[in-house]
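What follows is the content of coords-v2.tsv (TSV, C-alpha atoms).
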```tsv
chain	number	residue	atom	x	y	z
L	1	MET	CA	-6.42	17.84	26.13
L	2	LYS	CA	-8.67	18.73	23.24
L	3	VAL	CA	-10.33	16.00	21.12
L	4	ASN	CA	-11.76	16.92	17.71
L	5	ASN	CA	-14.00	14.84	15.46
L	6	ASN	CA	-12.51	15.42	12.03
L	7	SER	CA	-15.82	14.78	10.25
L	8	GLU	CA	-17.41	17.74	12.08
L	9	ILE	CA	-14.80	20.22	10.88
L	10	PRO	CA	-15.81	22.19	7.78
L	11	ALA	CA	-13.68	21.82	4.64
L	12	PRO	CA	-14.14	25.04	2.65
L	13	GLU	CA	-12.84	25.49	-0.88
L	14	VAL	CA	-9.32	26.93	-0.90
L	15	GLN	CA	-9.61	30.44	-2.34
L	16	MET	CA	-5.91	31.01	-2.98
L	17	GLU	CA	-5.11	32.20	-6.52
L	18	GLY	CA	-3.97	29.28	-8.63
L	19	ALA	CA	-5.83	26.69	-6.55
L	20	SER	CA	-8.57	24.71	-8.28
L	21	ASN	CA	-10.91	22.08	-6.82
L	22	VAL	CA	-9.10	21.95	-3.48
L	23	ARG	CA	-10.73	21.83	-0.07
L	24	MET	CA	-8.98	22.14	3.29
L	25	LYS	CA	-9.88	21.59	6.91
L	26	ILE	CA	-7.83	22.56	9.95
L	27	LEU	CA	-7.69	19.46	12.18
L	28	ILE	CA	-5.66	21.19	14.92
L	29	GLY	CA	-4.77	24.88	14.96
L	30	PRO	CA	-4.78	28.09	16.94
L	31	GLU	CA	-8.47	27.69	17.87
L	32	ASP	CA	-7.51	24.48	19.68
L	33	GLY	CA	-4.72	26.30	21.52
L	34	SER	CA	-1.89	25.15	19.26
L	35	GLY	CA	0.59	28.01	19.21
L	36	ASN	CA	3.38	26.46	17.13
L	37	ILE	CA	1.93	23.83	14.80
L	38	ILE	CA	-1.09	23.72	12.47
L	39	MET	CA	-2.28	20.35	11.08
L	40	ARG	CA	-4.35	20.71	7.92
L	41	HIS	CA	-6.10	18.07	5.79
L	42	PHE	CA	-6.27	18.78	2.05
L	43	PHE	CA	-8.68	17.18	-0.42
L	44	VAL	CA	-7.68	17.64	-4.07
L	45	ALA	CA	-10.54	16.50	-6.31
L	46	PRO	CA	-9.85	14.76	-9.62
L	47	GLY	CA	-8.53	17.44	-11.99
L	48	GLY	CA	-7.68	19.77	-9.12
L	49	ASN	CA	-4.40	21.39	-8.13
L	50	THR	CA	-2.75	23.72	-5.65
L	51	PRO	CA	-0.77	26.70	-6.94
L	52	PHE	CA	2.85	26.28	-8.07
L	53	HIS	CA	4.24	28.66	-5.49
L	54	ASN	CA	6.61	29.14	-2.60
L	55	HIS	CA	6.63	30.84	0.80
L	56	ASN	CA	8.97	31.31	3.71
L	57	TYR	CA	7.77	28.31	5.74
L	58	GLU	CA	8.04	24.57	5.29
L	59	HIS	CA	5.50	21.79	4.64
L	60	VAL	CA	5.51	18.46	6.47
L	61	ILE	CA	3.18	16.20	4.47
L	62	LYS	CA	1.69	12.72	4.77
L	63	VAL	CA	-0.41	11.28	1.99
L	64	GLU	CA	-3.57	9.94	3.57
L	65	ARG	CA	-5.58	8.57	0.65
L	66	GLY	CA	-5.40	8.26	-3.12
L	67	ARG	CA	-2.51	9.47	-5.18
L	68	GLY	CA	-1.33	12.65	-6.84
L	69	ILE	CA	1.55	14.46	-8.44
L	70	ALA	CA	3.95	16.48	-6.30
L	71	VAL	CA	5.94	19.01	-8.33
L	72	ASP	CA	9.28	19.90	-6.76
L	73	GLU	CA	11.40	23.07	-6.79
L	74	LYS	CA	12.94	22.10	-10.13
L	75	GLY	CA	9.57	21.40	-11.74
L	76	VAL	CA	10.13	17.63	-11.57
L	77	GLU	CA	6.93	15.61	-11.06
L	78	HIS	CA	6.80	12.85	-8.44
L	79	GLU	CA	3.82	10.50	-8.31
L	80	VAL	CA	3.01	10.02	-4.63
L	81	ALA	CA	0.48	7.83	-2.86
L	82	GLU	CA	-0.76	6.69	0.53
L	83	GLY	CA	2.23	5.41	2.49
L	84	GLN	CA	4.53	8.29	1.60
L	85	SER	CA	5.61	11.41	3.49
L	86	LEU	CA	7.12	14.57	2.05
L	87	PHE	CA	9.13	17.55	3.21
L	88	VAL	CA	9.12	20.88	1.35
L	89	ARG	CA	11.81	23.30	2.54
L	90	PRO	CA	11.03	26.96	3.25
L	91	GLY	CA	11.30	28.92	0.03
L	92	ASP	CA	11.10	25.94	-2.33
L	93	LEU	CA	8.56	26.05	-5.16
L	94	HIS	CA	6.01	23.20	-5.04
L	95	GLN	CA	2.61	22.13	-6.36
L	96	PHE	CA	0.18	19.25	-5.87
L	97	ARG	CA	-2.02	18.02	-8.72
L	98	ASN	CA	-4.55	15.27	-9.07
L	99	PRO	CA	-4.85	13.89	-12.62
L	100	PHE	CA	-6.33	10.65	-11.25
L	101	GLY	CA	-9.86	9.44	-10.69
L	102	GLU	CA	-10.22	9.60	-6.90
L	103	THR	CA	-9.70	12.37	-4.37
L	104	PHE	CA	-6.06	12.91	-3.37
L	105	GLU	CA	-5.91	13.53	0.37
L	106	PHE	CA	-2.91	14.62	2.40
L	107	LEU	CA	-2.03	16.17	5.71
L	108	CYS	CA	0.04	19.34	5.39
L	109	ILE	CA	1.55	20.53	8.64
L	110	ILE	CA	2.98	24.02	8.96
L	111	PRO	CA	4.40	26.21	11.70
L	112	ASN	CA	1.91	28.72	13.08
L	113	PRO	CA	2.18	31.81	10.85
L	114	ALA	CA	2.38	34.00	13.94
L	115	LYS	CA	5.65	32.26	14.82
L	116	GLN	CA	7.12	32.21	11.32
L	117	GLN	CA	10.39	33.99	10.87
M	1	MET	CA	11.42	18.25	-1.86
M	2	LYS	CA	12.11	15.02	-0.02
M	3	VAL	CA	9.83	11.99	-0.50
M	4	ASN	CA	9.98	9.16	2.05
M	5	ASN	CA	8.45	5.69	1.81
M	6	ASN	CA	6.99	5.19	5.28
M	7	SER	CA	7.28	1.40	5.06
M	8	GLU	CA	11.07	1.66	4.69
M	9	ILE	CA	11.50	3.67	7.90
M	10	PRO	CA	12.43	1.56	10.94
M	11	ALA	CA	10.04	1.52	13.91
M	12	PRO	CA	12.14	0.73	16.98
M	13	GLU	CA	10.64	-0.03	20.38
M	14	VAL	CA	10.24	3.13	22.46
M	15	GLN	CA	12.73	2.82	25.34
M	16	MET	CA	11.30	5.64	27.49
M	17	GLU	CA	10.63	4.60	31.11
M	18	GLY	CA	6.94	3.80	31.57
M	19	ALA	CA	6.42	2.89	27.90
M	20	SER	CA	5.38	-0.68	27.11
M	21	ASN	CA	4.81	-2.33	23.75
M	22	VAL	CA	5.12	0.92	21.82
M	23	ARG	CA	7.01	1.40	18.56
M	24	MET	CA	7.71	4.70	16.84
M	25	LYS	CA	8.99	5.82	13.46
M	26	ILE	CA	9.99	9.33	12.42
M	27	LEU	CA	8.22	10.03	9.12
M	28	ILE	CA	9.73	13.51	8.72
M	29	GLY	CA	12.37	14.99	11.00
M	30	PRO	CA	15.73	16.70	11.23
M	31	GLU	CA	17.37	14.10	8.96
M	32	ASP	CA	14.99	15.22	6.21
M	33	GLY	CA	15.91	18.85	6.81
M	34	SER	CA	12.88	19.72	8.96
M	35	GLY	CA	14.11	22.28	11.44
M	36	ASN	CA	10.84	23.15	13.20
M	37	ILE	CA	8.47	20.18	13.02
M	38	ILE	CA	8.88	16.43	13.62
M	39	MET	CA	6.14	14.04	12.41
M	40	ARG	CA	6.19	10.70	14.24
M	41	HIS	CA	4.03	7.59	13.78
M	42	PHE	CA	3.31	5.58	16.95
M	43	PHE	CA	2.17	1.95	17.08
M	44	VAL	CA	0.76	0.88	20.46
M	45	ALA	CA	0.27	-2.90	20.49
M	46	PRO	CA	-2.70	-4.46	22.32
M	47	GLY	CA	-1.95	-4.13	26.04
M	48	GLY	CA	0.64	-1.42	25.45
M	49	ASN	CA	0.88	2.14	26.77
M	50	THR	CA	2.96	5.30	26.73
M	51	PRO	CA	4.04	6.81	30.07
M	52	PHE	CA	1.67	9.08	32.01
M	53	HIS	CA	3.97	12.09	31.87
M	54	ASN	CA	4.36	15.68	30.78
M	55	HIS	CA	6.98	17.88	29.14
M	56	ASN	CA	7.39	21.47	28.03
M	57	TYR	CA	6.22	20.98	24.44
M	58	GLU	CA	2.88	20.19	22.86
M	59	HIS	CA	1.51	17.21	20.94
M	60	VAL	CA	-0.57	17.53	17.75
M	61	ILE	CA	-2.10	14.09	17.18
M	62	LYS	CA	-4.18	12.34	14.53
M	63	VAL	CA	-5.45	8.82	15.10
M	64	GLU	CA	-4.56	6.84	12.01
M	65	ARG	CA	-5.86	3.33	12.75
M	66	GLY	CA	-7.57	1.38	15.50
M	67	ARG	CA	-8.64	2.87	18.80
M	68	GLY	CA	-7.17	3.58	22.19
M	69	ILE	CA	-7.54	5.44	25.45
M	70	ALA	CA	-6.17	8.97	25.79
M	71	VAL	CA	-5.73	10.01	29.42
M	72	ASP	CA	-5.91	13.75	29.95
M	73	GLU	CA	-4.27	16.11	32.45
M	74	LYS	CA	-6.98	15.38	35.03
M	75	GLY	CA	-6.63	11.60	34.63
M	76	VAL	CA	-9.91	11.41	32.68
M	77	GLU	CA	-9.96	8.66	30.02
M	78	HIS	CA	-11.19	9.41	26.49
M	79	GLU	CA	-11.75	6.58	24.04
M	80	VAL	CA	-10.43	7.79	20.70
M	81	ALA	CA	-10.44	6.23	17.23
M	82	GLU	CA	-9.59	6.83	13.61
M	83	GLY	CA	-11.23	10.07	12.51
M	84	GLN	CA	-10.23	12.05	15.59
M	85	SER	CA	-7.47	14.58	16.24
M	86	LEU	CA	-6.08	15.68	19.59
M	87	PHE	CA	-4.11	18.54	21.06
M	88	VAL	CA	-2.06	18.21	24.25
M	89	ARG	CA	-0.84	21.52	25.65
M	90	PRO	CA	2.76	22.01	26.78
M	91	GLY	CA	3.07	20.89	30.40
M	92	ASP	CA	-0.16	18.84	30.49
M	93	LEU	CA	0.02	15.27	31.77
M	94	HIS	CA	-1.12	12.68	29.22
M	95	GLN	CA	-0.97	8.97	28.40
M	96	PHE	CA	-2.07	6.69	25.57
M	97	ARG	CA	-3.13	3.11	26.27
M	98	ASN	CA	-4.40	0.27	24.12
M	99	PRO	CA	-6.70	-2.16	25.96
M	100	PHE	CA	-8.19	-3.27	22.63
M	101	GLY	CA	-7.42	-6.11	20.26
M	102	GLU	CA	-5.73	-4.35	17.35
M	103	THR	CA	-2.77	-1.99	17.11
M	104	PHE	CA	-3.57	1.64	17.98
M	105	GLU	CA	-1.76	3.91	15.52
M	106	PHE	CA	-1.46	7.67	15.67
M	107	LEU	CA	0.64	10.48	14.32
M	108	CYS	CA	2.19	12.64	17.03
M	109	ILE	CA	3.70	15.88	15.76
M	110	ILE	CA	6.03	17.93	17.93
M	111	PRO	CA	8.20	21.00	17.56
M	112	ASN	CA	11.86	20.20	16.95
M	113	PRO	CA	13.42	19.83	20.42
M	114	ALA	CA	16.25	22.10	19.37
M	115	LYS	CA	13.71	24.90	18.97
M	116	GLN	CA	11.74	24.19	22.14
M	117	GLN	CA	11.61	26.97	24.65
```
Take the structure from the file and write it as structure tokens.
Amino acid sequence: MKVNNNSEIPAPEVQMEGASNVRMKILIGPEDGSGNIIMRHFFVAPGGNTPFHNHNYEHVIKVERGRGIAVDEKGVEHEVAEGQSLFVRPGDLHQFRNPFGETFEFLCIIPNPAKQQ
Amino acid sequence: MKVNNNSEIPAPEVQMEGASNVRMKILIGPEDGSGNIIMRHFFVAPGGNTPFHNHNYEHVIKVERGRGIAVDEKGVEHEVAEGQSLFVRPGDLHQFRNPFGETFEFLCIIPNPAKQQ
């Protein structure tokens, strides 16, 4: 059993093209021995956004704090907040934006890329 | 994209042998289309516990509220609280207990059983 203190994990700026004012920390991942599942914590600052993109793996998401806009595969915007969970299918376009005044925080869980099909 | 309201998801009592005063809701799972990853939210009431057991799949855990005792594969007890994340390897014995006065809540993410090796 591995126990991590989340506050001690660095949260670097996400460098992906199309991302703005987003930080991410890996709460549990390959360095902890997790071969199949990676649990990531995203922090989208006010005015920030992730890219509108897709990829061949899914997202399992839980909003942890604040609220934001989740854009779905049809471009439809959903306002989401703490107390909601989301599923993004492999291949579906998606984006997360924060037009609000406090940081929008969510967990985004993915399969380990090494195991992706 | 599927958006779930966590509060609308039922949290039935866990019927597994050795579990006591534990409820669980599936925030995202196969019914949402998630083929690889299941995100579950556990509620261990004061005095409650999960079984001390093992199985052939891992646990990726984030404490969401309160505190509890996580028993590791050697029987060593770790007090854990909100702000900590845990990884339990496939095959490792583990248990979660709540000797404290408020509900111990954690997310426990597992691979979809249908995909387990």
Distance-based interface of chain L with chain M, 10 Å, counting only C-alpha atoms, as a ChimeraX atom specification: /L:1-8,27-29,32-39,57-62,64,70-74,76,78-90,92-94,107,109-111,116
Minimum-distance residue to His55 in chain M, chosen among M:Arg97, M:Gly91, M:Phe104, M:Ala11 (using all atoms listed in the file):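 Among M:Arg97, M:Gly91, M:Phe104, M:Ala11, it is M:Gly91 that comes nearest to His55 in chain M.
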For CA of Asn54 in chain M and CA of Gly66 in chain M, the interatomic separation in Å (one decimal):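 Distance between the two atoms: 24.1 Å.
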Separation of CA of Pro30 in chain L from CA of Pro12 in chain L, in Å and rounded to one decimal: 17.4 Å
Atom pair CA of Val63 in chain M / CA of Phe43 in chain L: separation (Å): 17.9 Å
For Val44 in chain L: contacts at 9 Å, all atoms listed in the file, fewer than 5 positions along chain excluded, given as a PyMOL selection string: chain L and resi 20-24+49-50+68+96-98+102-106
Counting all atoms listed in the file, the residue of L:Ile69, L:Arg40, L:Gly75, L:Gln95 that sits nearest Gly18 in chain L: L:Gln95
